[in-house]
Amino acid sequence: MTGPGGPARPARIANLAGATAEELKPVVEAVRAGEVIALLTETLWGLSADPFSRQAMERLVGLKGREARKGFLCLVPSLDSLAALGVTVDRRMADALRRLWPSPVTVVLPSARPLPASGGLATVAIRMPDSEALLSFLRETGPLASTSANTEGAPPVSTAIEVERLFGDRLAWIVGGICTPEARPSTLLDATAIPARILRPGAGDAAAGRFLLEIEGYPESL
């Protein structure tokens, strides 16, 4: 298959923070074209694609080897992106999210817009990553659906070489280098449950605990 910049797929950028806007332009274009990229986040390696594209989500489901109805989390560059994902929150929740993010905490919120990325559910899992380089990239791509770079049930990979070995030319780009040895997935928190609760411990447990105290009583306050 022919990839960006030549016949070889996937193309690589070793360091997101060190890449120029010109170098990242073909990566952004690949996302907009419905391709899947591998992206090293501040937590783990992830597979990412356009959350609004059914074609992109079908590719992501195929790579992950999971049921489409499970959905994927969405990475966002700011709270302004929530509206595009069908999410409306009251002032109390918005203030709590501003204090929480950016951080390695993923929050499940109610959504009035069934998205290809959410598997048609009435909720969507969202995170604003704690990485300025990644936030800058997201400001160019818009929200990205993301899932850990592994097949369903397998452990996450930690290097670009492992990513390429596992997914090969089914990816358009691989952006990043090596995870830190202590890397953990984001903490996953369900703010639609009564009471809100942590579904999966992770790298943001302390911040998630403070957030739970702040939003006690949500979503009744909507």
# chains A, B, ... in the order shown; residues from 1 in each chain; ligands from 1
>>> residues_around(residues="segment 100-113 of chain A", least_positions_apart="6", cutoff="6 Å", atoms="only C-alpha atoms", output="PyMOL selection string")
chain A and resi 86-87+122-130+186-192+203-204
>>> write_last_selection(atoms="N, CA and C atoms", output="mmCIF file, in the first residue's frame")
data_model
loop_
_atom_site.group_PDB
_atom_site.id
_atom_site.type_symbol
_atom_site.label_atom_id
_atom_site.label_comp_id
_atom_site.auth_asym_id
_atom_site.auth_seq_id
_atom_site.Cartn_x
_atom_site.Cartn_y
_atom_site.Cartn_z
ATOM 1 N N GLY A 86 -21.580 15.986 21.278
ATOM 2 C CA GLY A 86 -22.948 15.869 21.771
ATOM 3 C C GLY A 86 -23.087 16.004 23.263
ATOM 4 N N VAL A 87 -22.057 16.533 23.927
ATOM 5 C CA VAL A 87 -22.051 16.623 25.381
ATOM 6 C C VAL A 87 -22.352 18.049 25.837
ATOM 7 N N ALA A 122 -25.460 6.297 24.347
ATOM 8 C CA ALA A 122 -25.874 7.631 24.780
ATOM 9 C C ALA A 122 -24.847 8.252 25.716
ATOM 10 N N THR A 123 -23.656 7.704 25.736
ATOM 11 C CA THR A 123 -22.553 8.228 26.535
ATOM 12 C C THR A 123 -21.287 8.227 25.686
ATOM 13 N N VAL A 124 -20.315 9.035 26.101
ATOM 14 C CA VAL A 124 -19.017 9.051 25.440
ATOM 15 C C VAL A 124 -17.942 9.271 26.498
ATOM 16 N N ALA A 125 -16.838 8.542 26.383
ATOM 17 C CA ALA A 125 -15.705 8.673 27.307
ATOM 18 C C ALA A 125 -14.733 9.698 26.735
ATOM 19 N N ILE A 126 -14.347 10.681 27.549
ATOM 20 C CA ILE A 126 -13.566 11.814 27.056
ATOM 21 C C ILE A 126 -12.377 12.080 27.981
ATOM 22 N N ARG A 127 -11.270 12.457 27.356
ATOM 23 C CA ARG A 127 -10.090 12.849 28.131
ATOM 24 C C ARG A 127 -9.378 14.001 27.443
ATOM 25 N N MET A 128 -8.931 14.965 28.227
ATOM 26 C CA MET A 128 -8.040 16.006 27.748
ATOM 27 C C MET A 128 -6.648 15.651 28.247
ATOM 28 N N PRO A 129 -5.765 15.194 27.364
ATOM 29 C CA PRO A 129 -4.481 14.651 27.813
ATOM 30 C C PRO A 129 -3.554 15.698 28.411
ATOM 31 N N ASP A 130 -2.719 15.246 29.328
ATOM 32 C CA ASP A 130 -1.777 16.112 30.027
ATOM 33 C C ASP A 130 -0.462 16.170 29.262
ATOM 34 N N SER A 186 -4.985 5.542 31.527
ATOM 35 C CA SER A 186 -5.702 6.593 32.248
ATOM 36 C C SER A 186 -6.709 5.968 33.209
ATOM 37 N N THR A 187 -6.996 6.695 34.263
ATOM 38 C CA THR A 187 -8.091 6.312 35.156
ATOM 39 C C THR A 187 -9.404 6.547 34.420
ATOM 40 N N LEU A 188 -10.309 5.586 34.474
ATOM 41 C CA LEU A 188 -11.603 5.693 33.797
ATOM 42 C C LEU A 188 -12.695 5.899 34.838
ATOM 43 N N LEU A 189 -13.458 6.962 34.677
ATOM 44 C CA LEU A 189 -14.455 7.360 35.668
ATOM 45 C C LEU A 189 -15.804 7.551 34.977
ATOM 46 N N ASP A 190 -16.853 7.000 35.540
ATOM 47 C CA ASP A 190 -18.196 7.124 34.970
ATOM 48 C C ASP A 190 -18.983 8.188 35.727
ATOM 49 N N ALA A 191 -19.168 9.351 35.093
ATOM 50 C CA ALA A 191 -19.918 10.436 35.718
ATOM 51 C C ALA A 191 -21.411 10.336 35.433
ATOM 52 N N THR A 192 -21.836 9.316 34.662
ATOM 53 C CA THR A 192 -23.265 9.134 34.402
ATOM 54 C C THR A 192 -23.891 8.172 35.403
ATOM 55 N N ALA A 203 -3.494 5.991 35.959
ATOM 56 C CA ALA A 203 -2.478 7.009 36.237
ATOM 57 C C ALA A 203 -3.028 8.249 36.924
ATOM 58 N N GLY A 204 -4.354 8.437 36.888
ATOM 59 C CA GLY A 204 -4.919 9.657 37.457
ATOM 60 C C GLY A 204 -5.809 9.431 38.659
#
>>> residues_around(residues="segment 45-48 of chain A", least_positions_apart="5", cutoff="10 Å", atoms="only C-alpha atoms", output="number ranges by chain")
A: 31, 35-40, 56-57, 60, 63-64, 72-75, 143-150, 156-160, 163, 167, 171, 174-179, 183, 185
>>> write_last_selection(atoms="N, CA and C atoms", output="short mmCIF file (atom, residue, chain, number, x, y, z; two decimals), in the first residue's frame")
data_model
loop_
_atom_site.label_atom_id
_atom_site.label_comp_id
_atom_site.auth_asym_id
_atom_site.auth_seq_id
_atom_site.Cartn_x
_atom_site.Cartn_y
_atom_site.Cartn_z
N VAL A 31 -5.49 11.50 9.13
CA VAL A 31 -6.63 11.38 10.05
C VAL A 31 -7.90 11.86 9.37
N GLU A 35 -7.90 7.52 7.98
CA GLU A 35 -6.86 6.54 8.31
C GLU A 35 -6.72 6.39 9.82
N VAL A 36 -6.07 5.31 10.22
CA VAL A 36 -5.74 5.09 11.63
C VAL A 36 -4.25 5.35 11.83
N ILE A 37 -3.91 6.06 12.90
CA ILE A 37 -2.52 6.30 13.24
C ILE A 37 -2.24 5.73 14.63
N ALA A 38 -0.98 5.45 14.89
CA ALA A 38 -0.55 5.09 16.25
C ALA A 38 0.10 6.32 16.86
N LEU A 39 -0.28 6.63 18.10
CA LEU A 39 0.15 7.87 18.73
C LEU A 39 0.53 7.60 20.17
N LEU A 40 1.74 7.98 20.55
CA LEU A 40 2.16 7.84 21.94
C LEU A 40 1.58 9.00 22.74
N ALA A 56 -13.45 5.24 9.41
CA ALA A 56 -12.30 5.21 10.32
C ALA A 56 -12.58 4.31 11.51
N MET A 57 -13.80 4.36 12.04
CA MET A 57 -14.13 3.52 13.19
C MET A 57 -14.19 2.05 12.82
N LEU A 60 -10.65 1.01 12.90
CA LEU A 60 -10.16 0.92 14.27
C LEU A 60 -10.68 -0.34 14.96
N LEU A 63 -8.69 -3.31 13.65
CA LEU A 63 -7.35 -3.39 14.22
C LEU A 63 -7.39 -3.87 15.67
N LYS A 64 -8.35 -3.36 16.41
CA LYS A 64 -8.45 -3.70 17.83
C LYS A 64 -8.99 -5.10 18.04
N PHE A 72 -15.10 3.74 21.80
CA PHE A 72 -13.74 4.16 22.11
C PHE A 72 -13.79 5.51 22.83
N LEU A 73 -12.77 5.79 23.62
CA LEU A 73 -12.70 7.10 24.26
C LEU A 73 -12.30 8.15 23.22
N CYS A 74 -12.57 9.40 23.52
CA CYS A 74 -12.21 10.50 22.64
C CYS A 74 -11.25 11.45 23.36
N LEU A 75 -10.16 11.77 22.71
CA LEU A 75 -9.21 12.76 23.20
C LEU A 75 -9.62 14.12 22.66
N PRO A 143 -11.13 16.40 17.84
CA PRO A 143 -11.16 15.21 18.71
C PRO A 143 -10.71 13.95 17.98
N LEU A 144 -10.05 13.07 18.72
CA LEU A 144 -9.60 11.79 18.16
C LEU A 144 -10.15 10.65 18.99
N ALA A 145 -10.73 9.66 18.33
CA ALA A 145 -11.05 8.41 19.02
C ALA A 145 -9.74 7.71 19.30
N SER A 146 -9.65 7.06 20.45
CA SER A 146 -8.39 6.43 20.82
C SER A 146 -8.64 5.17 21.62
N THR A 147 -7.74 4.21 21.45
CA THR A 147 -7.76 2.98 22.23
C THR A 147 -6.32 2.50 22.36
N SER A 148 -6.02 1.77 23.40
CA SER A 148 -4.64 1.31 23.60
C SER A 148 -4.17 0.47 22.42
N ALA A 149 -2.89 0.57 22.12
CA ALA A 149 -2.32 -0.08 20.93
C ALA A 149 -2.04 -1.56 21.21
N ASN A 150 -3.08 -2.33 21.20
CA ASN A 150 -2.98 -3.78 21.37
C ASN A 150 -4.28 -4.38 20.87
N PRO A 156 -0.74 -3.91 26.49
CA PRO A 156 -0.33 -2.80 25.63
C PRO A 156 1.13 -2.91 25.23
N VAL A 157 1.46 -2.38 24.07
CA VAL A 157 2.86 -2.35 23.63
C VAL A 157 3.54 -1.12 24.20
N SER A 158 4.86 -1.10 24.16
CA SER A 158 5.58 0.02 24.76
C SER A 158 6.53 0.74 23.81
N THR A 159 6.74 0.23 22.60
CA THR A 159 7.66 0.88 21.66
C THR A 159 7.05 0.96 20.27
N ALA A 160 7.59 1.90 19.47
CA ALA A 160 7.13 2.05 18.09
C ALA A 160 7.40 0.79 17.29
N VAL A 163 4.64 -1.60 17.96
CA VAL A 163 3.43 -1.14 17.28
C VAL A 163 3.46 -1.57 15.82
N PHE A 167 0.81 -4.12 13.96
CA PHE A 167 -0.22 -3.60 13.06
C PHE A 167 0.26 -3.30 11.64
N LEU A 171 -1.58 0.75 9.49
CA LEU A 171 -1.48 2.09 10.04
C LEU A 171 -0.90 3.03 8.99
N ILE A 174 3.05 6.24 12.52
CA ILE A 174 3.40 5.94 13.90
C ILE A 174 4.13 7.16 14.44
N VAL A 175 3.57 7.77 15.48
CA VAL A 175 4.11 9.02 16.01
C VAL A 175 4.49 8.82 17.47
N GLY A 176 5.80 8.79 17.76
CA GLY A 176 6.27 8.63 19.13
C GLY A 176 7.40 7.64 19.22
N GLY A 177 7.92 7.47 20.44
CA GLY A 177 9.08 6.60 20.65
C GLY A 177 8.80 5.47 21.61
N ILE A 178 9.15 5.65 22.88
CA ILE A 178 9.05 4.57 23.88
C ILE A 178 8.28 5.07 25.10
N CYS A 179 7.38 4.23 25.60
CA CYS A 179 6.69 4.54 26.86
C CYS A 179 7.68 4.51 28.02
N ALA A 183 4.61 3.65 32.90
CA ALA A 183 3.40 4.08 32.21
C ALA A 183 2.20 3.22 32.59
N PRO A 185 -2.38 3.07 32.10
CA PRO A 185 -3.51 3.65 31.37
C PRO A 185 -4.17 4.76 32.19
#
>>> closest_residue(among="A:Glu164, A:Glu152, A:Leu82, A:Glu214", to="Gly62 of chain A", atoms="only C-alpha atoms")
A:Glu152
>>> select_by_dssp(residues="segment 57-212 of chain A", states="strand (DSSP E)", output="PyMOL selection string")
chain A and resi 73-75+105-110+123-127+144-148+173-175+187-190+197-200
>>> write_last_selection(atoms="C-alpha atoms", output="compact mmCIF listing (two decimals), in the first residue's frame")
# COMPACT_ATOMS: atom_id res chain seq x y z
CA LEU A 73 -12.70 7.10 24.26
CA CYS A 74 -12.21 10.50 22.64
CA LEU A 75 -9.21 12.76 23.20
CA VAL A 105 -8.39 10.82 33.72
CA THR A 106 -11.05 9.71 31.23
CA VAL A 107 -14.61 10.72 32.12
CA VAL A 108 -17.76 9.07 30.77
CA LEU A 109 -20.36 11.77 30.11
CA PRO A 110 -23.90 11.74 28.66
CA THR A 123 -22.55 8.23 26.54
CA VAL A 124 -19.02 9.05 25.44
CA ALA A 125 -15.71 8.67 27.31
CA ILE A 126 -13.57 11.81 27.06
CA ARG A 127 -10.09 12.85 28.13
CA LEU A 144 -9.60 11.79 18.16
CA ALA A 145 -11.05 8.41 19.02
CA SER A 146 -8.39 6.43 20.82
CA THR A 147 -7.76 2.98 22.23
CA SER A 148 -4.64 1.31 23.60
CA TRP A 173 1.59 6.80 10.67
CA ILE A 174 3.40 5.94 13.90
CA VAL A 175 4.11 9.02 16.01
CA THR A 187 -8.09 6.31 35.16
CA LEU A 188 -11.60 5.69 33.80
CA LEU A 189 -14.45 7.36 35.67
CA ASP A 190 -18.20 7.12 34.97
CA ARG A 197 -17.56 5.94 40.29
CA ILE A 198 -14.16 4.82 39.07
CA LEU A 199 -14.46 1.98 36.55
CA ARG A 200 -10.72 1.41 36.07
>>> select_by_dssp(residues="segment 16-218 of chain A", states="helix (DSSP H, G or I)", output="ChimeraX atom specification")
/A:21-32,54-64,68-70,79-85,91-100,116-118,132-141,160-170,205-214
>>> write_last_selection(atoms="C-alpha atoms", output="PDB file, in the first residue's frame")
ATOM      1  CA  ALA A  21       3.711  21.810  11.892  1.00  0.00           C
ATOM      2  CA  GLU A  22       4.917  21.020   8.379  1.00  0.00           C
ATOM      3  CA  GLU A  23       6.070  17.552   9.431  1.00  0.00           C
ATOM      4  CA  LEU A  24       2.756  16.862  11.133  1.00  0.00           C
ATOM      5  CA  LYS A  25       0.629  18.125   8.244  1.00  0.00           C
ATOM      6  CA  PRO A  26       0.489  14.738   6.434  1.00  0.00           C
ATOM      7  CA  VAL A  27      -0.421  13.025   9.717  1.00  0.00           C
ATOM      8  CA  VAL A  28      -3.354  15.414  10.168  1.00  0.00           C
ATOM      9  CA  GLU A  29      -4.352  14.823   6.538  1.00  0.00           C
ATOM     10  CA  ALA A  30      -4.268  11.062   7.079  1.00  0.00           C
ATOM     11  CA  VAL A  31      -6.629  11.381  10.053  1.00  0.00           C
ATOM     12  CA  ARG A  32      -9.001  13.546   8.022  1.00  0.00           C
ATOM     13  CA  ARG A  54     -17.744   5.452  10.202  1.00  0.00           C
ATOM     14  CA  GLN A  55     -15.029   4.251   7.840  1.00  0.00           C
ATOM     15  CA  ALA A  56     -12.305   5.215  10.320  1.00  0.00           C
ATOM     16  CA  MET A  57     -14.133   3.522  13.192  1.00  0.00           C
ATOM     17  CA  GLU A  58     -14.587   0.346  11.154  1.00  0.00           C
ATOM     18  CA  ARG A  59     -10.826   0.316  10.589  1.00  0.00           C
ATOM     19  CA  LEU A  60     -10.157   0.921  14.272  1.00  0.00           C
ATOM     20  CA  VAL A  61     -12.551  -1.871  15.303  1.00  0.00           C
ATOM     21  CA  GLY A  62     -10.798  -4.209  12.875  1.00  0.00           C
ATOM     22  CA  LEU A  63      -7.347  -3.386  14.218  1.00  0.00           C
ATOM     23  CA  LYS A  64      -8.449  -3.700  17.834  1.00  0.00           C
ATOM     24  CA  ALA A  68     -18.035  -1.953  17.719  1.00  0.00           C
ATOM     25  CA  ARG A  69     -20.731  -1.437  20.369  1.00  0.00           C
ATOM     26  CA  LYS A  70     -18.071  -1.089  23.082  1.00  0.00           C
ATOM     27  CA  LEU A  79     -13.798  21.838  26.816  1.00  0.00           C
ATOM     28  CA  ASP A  80     -15.051  23.601  23.683  1.00  0.00           C
ATOM     29  CA  SER A  81     -14.827  20.213  21.915  1.00  0.00           C
ATOM     30  CA  LEU A  82     -17.526  18.672  24.121  1.00  0.00           C
ATOM     31  CA  ALA A  83     -20.354  20.187  22.079  1.00  0.00           C
ATOM     32  CA  ALA A  84     -19.127  18.479  18.896  1.00  0.00           C
ATOM     33  CA  LEU A  85     -19.349  15.166  20.767  1.00  0.00           C
ATOM     34  CA  ARG A  91     -21.706  25.041  35.134  1.00  0.00           C
ATOM     35  CA  ARG A  92     -20.814  22.916  38.134  1.00  0.00           C
ATOM     36  CA  MET A  93     -19.602  20.041  35.973  1.00  0.00           C
ATOM     37  CA  ALA A  94     -17.804  22.378  33.556  1.00  0.00           C
ATOM     38  CA  ASP A  95     -15.914  24.006  36.448  1.00  0.00           C
ATOM     39  CA  ALA A  96     -15.003  20.590  37.866  1.00  0.00           C
ATOM     40  CA  LEU A  97     -13.735  19.420  34.459  1.00  0.00           C
ATOM     41  CA  ARG A  98     -11.613  22.559  34.109  1.00  0.00           C
ATOM     42  CA  ARG A  99      -9.953  21.761  37.412  1.00  0.00           C
ATOM     43  CA  LEU A 100      -9.537  18.091  36.465  1.00  0.00           C
ATOM     44  CA  PRO A 116     -19.448   6.183  15.388  1.00  0.00           C
ATOM     45  CA  ALA A 117     -16.738   6.306  18.081  1.00  0.00           C
ATOM     46  CA  SER A 118     -19.161   5.612  20.926  1.00  0.00           C
ATOM     47  CA  GLU A 132       1.022  20.202  25.496  1.00  0.00           C
ATOM     48  CA  ALA A 133       2.420  18.585  22.349  1.00  0.00           C
ATOM     49  CA  LEU A 134      -0.571  16.273  22.111  1.00  0.00           C
ATOM     50  CA  LEU A 135      -3.032  19.095  22.846  1.00  0.00           C
ATOM     51  CA  SER A 136      -1.445  21.143  20.074  1.00  0.00           C
ATOM     52  CA  PHE A 137      -1.817  18.197  17.688  1.00  0.00           C
ATOM     53  CA  LEU A 138      -5.469  17.768  18.716  1.00  0.00           C
ATOM     54  CA  ARG A 139      -6.119  21.423  17.972  1.00  0.00           C
ATOM     55  CA  GLU A 140      -5.203  20.590  14.368  1.00  0.00           C
ATOM     56  CA  THR A 141      -7.044  17.272  14.056  1.00  0.00           C
ATOM     57  CA  ALA A 160       7.134   2.054  18.090  1.00  0.00           C
ATOM     58  CA  ILE A 161       8.821  -1.141  16.880  1.00  0.00           C
ATOM     59  CA  GLU A 162       6.247  -3.256  18.705  1.00  0.00           C
ATOM     60  CA  VAL A 163       3.434  -1.144  17.281  1.00  0.00           C
ATOM     61  CA  GLU A 164       4.703  -1.664  13.737  1.00  0.00           C
ATOM     62  CA  ARG A 165       5.258  -5.373  14.293  1.00  0.00           C
ATOM     63  CA  LEU A 166       1.693  -5.798  15.518  1.00  0.00           C
ATOM     64  CA  PHE A 167      -0.216  -3.599  13.062  1.00  0.00           C
ATOM     65  CA  GLY A 168       2.145  -3.049  10.128  1.00  0.00           C
ATOM     66  CA  ASP A 169       0.888  -1.287   7.033  1.00  0.00           C
ATOM     67  CA  ARG A 170      -2.666  -1.116   8.357  1.00  0.00           C
ATOM     68  CA  ASP A 205      -6.428   8.042  40.557  1.00  0.00           C
ATOM     69  CA  ALA A 206      -5.676  10.921  42.941  1.00  0.00           C
ATOM     70  CA  ALA A 207      -7.144  13.540  40.589  1.00  0.00           C
ATOM     71  CA  ALA A 208     -10.151  11.300  39.922  1.00  0.00           C
ATOM     72  CA  GLY A 209     -10.814  10.990  43.657  1.00  0.00           C
ATOM     73  CA  ARG A 210     -10.878  14.767  44.083  1.00  0.00           C
ATOM     74  CA  PHE A 211     -13.132  15.106  41.044  1.00  0.00           C
ATOM     75  CA  LEU A 212     -15.626  12.587  42.460  1.00  0.00           C
ATOM     76  CA  LEU A 213     -15.950  14.674  45.600  1.00  0.00           C
ATOM     77  CA  GLU A 214     -16.567  17.811  43.526  1.00  0.00           C
TER      78      GLU A 214
END
>>> closest_residue(among="A:Leu16, A:Ala33, A:Val76, A:Val89", to="Gly142 of chain A", atoms="only C-alpha atoms")
A:Val76
>>> closest_residue(among="A:Ser53, A:Thr41, A:Thr151, A:Thr180", to="Leu115 of chain A", atoms="only C-alpha atoms")
A:Ser53
>>> closest_residue(among="A:Gly71, A:Pro77, A:Gly34, A:Gly18", to="Asp50 of chain A", atoms="only C-alpha atoms")
A:Gly34
>>> closest_residue(among="A:Ala8, A:Ile13, A:Glu216, A:Arg184", to="Gly202 of chain A", atoms="only C-alpha atoms")
A:Arg184
>>> atom_distance(atom1="atom CA of Leu44 of chain A", atom2="atom CA of Ala11 of chain A")
19.5 Å
>>> decode(residues="segment 129-195 of chain A", atoms="C-alpha atoms", output="JSON list (two decimals), in the first residue's frame")
[["chain", "number", "residue", "atom", "x", "y", "z"],
["A", 129, "PRO", "CA", -4.48, 14.65, 27.81],
["A", 130, "ASP", "CA", -1.78, 16.11, 30.03],
["A", 131, "SER", "CA", 0.65, 16.82, 27.19],
["A", 132, "GLU", "CA", 1.02, 20.20, 25.50],
["A", 133, "ALA", "CA", 2.42, 18.58, 22.35],
["A", 134, "LEU", "CA", -0.57, 16.27, 22.11],
["A", 135, "LEU", "CA", -3.03, 19.09, 22.85],
["A", 136, "SER", "CA", -1.45, 21.14, 20.07],
["A", 137, "PHE", "CA", -1.82, 18.20, 17.69],
["A", 138, "LEU", "CA", -5.47, 17.77, 18.72],
["A", 139, "ARG", "CA", -6.12, 21.42, 17.97],
["A", 140, "GLU", "CA", -5.20, 20.59, 14.37],
["A", 141, "THR", "CA", -7.04, 17.27, 14.06],
["A", 142, "GLY", "CA", -10.02, 17.94, 16.31],
["A", 143, "PRO", "CA", -11.16, 15.21, 18.71],
["A", 144, "LEU", "CA", -9.60, 11.79, 18.16],
["A", 145, "ALA", "CA", -11.05, 8.41, 19.02],
["A", 146, "SER", "CA", -8.39, 6.43, 20.82],
["A", 147, "THR", "CA", -7.76, 2.98, 22.23],
["A", 148, "SER", "CA", -4.64, 1.31, 23.60],
["A", 149, "ALA", "CA", -2.32, -0.08, 20.93],
["A", 150, "ASN", "CA", -2.98, -3.78, 21.37],
["A", 151, "THR", "CA", -5.52, -6.32, 20.26],
["A", 152, "GLU", "CA", -8.45, -6.93, 22.60],
["A", 153, "GLY", "CA", -7.31, -8.72, 25.76],
["A", 154, "ALA", "CA", -3.56, -8.45, 25.00],
["A", 155, "PRO", "CA", -1.13, -6.28, 27.01],
["A", 156, "PRO", "CA", -0.33, -2.80, 25.63],
["A", 157, "VAL", "CA", 2.86, -2.35, 23.63],
["A", 158, "SER", "CA", 5.58, 0.02, 24.76],
["A", 159, "THR", "CA", 7.66, 0.88, 21.66],
["A", 160, "ALA", "CA", 7.13, 2.05, 18.09],
["A", 161, "ILE", "CA", 8.82, -1.14, 16.88],
["A", 162, "GLU", "CA", 6.25, -3.26, 18.70],
["A", 163, "VAL", "CA", 3.43, -1.14, 17.28],
["A", 164, "GLU", "CA", 4.70, -1.66, 13.74],
["A", 165, "ARG", "CA", 5.26, -5.37, 14.29],
["A", 166, "LEU", "CA", 1.69, -5.80, 15.52],
["A", 167, "PHE", "CA", -0.22, -3.60, 13.06],
["A", 168, "GLY", "CA", 2.15, -3.05, 10.13],
["A", 169, "ASP", "CA", 0.89, -1.29, 7.03],
["A", 170, "ARG", "CA", -2.67, -1.12, 8.36],
["A", 171, "LEU", "CA", -1.48, 2.09, 10.04],
["A", 172, "ALA", "CA", -0.77, 5.28, 8.10],
["A", 173, "TRP", "CA", 1.59, 6.80, 10.67],
["A", 174, "ILE", "CA", 3.40, 5.94, 13.90],
["A", 175, "VAL", "CA", 4.11, 9.02, 16.01],
["A", 176, "GLY", "CA", 6.27, 8.63, 19.13],
["A", 177, "GLY", "CA", 9.08, 6.60, 20.65],
["A", 178, "ILE", "CA", 9.05, 4.57, 23.88],
["A", 179, "CYS", "CA", 6.69, 4.54, 26.86],
["A", 180, "THR", "CA", 8.21, 5.19, 30.25],
["A", 181, "PRO", "CA", 8.58, 1.98, 32.31],
["A", 182, "GLU", "CA", 6.03, 3.20, 34.85],
["A", 183, "ALA", "CA", 3.40, 4.08, 32.21],
["A", 184, "ARG", "CA", -0.19, 3.21, 33.16],
["A", 185, "PRO", "CA", -3.51, 3.65, 31.37],
["A", 186, "SER", "CA", -5.70, 6.59, 32.25],
["A", 187, "THR", "CA", -8.09, 6.31, 35.16],
["A", 188, "LEU", "CA", -11.60, 5.69, 33.80],
["A", 189, "LEU", "CA", -14.45, 7.36, 35.67],
["A", 190, "ASP", "CA", -18.20, 7.12, 34.97],
["A", 191, "ALA", "CA", -19.92, 10.44, 35.72],
["A", 192, "THR", "CA", -23.27, 9.13, 34.40],
["A", 193, "ALA", "CA", -23.57, 6.53, 37.16],
["A", 194, "ILE", "CA", -25.40, 7.31, 40.40],
["A", 195, "PRO", "CA", -23.20, 7.76, 42.29]]
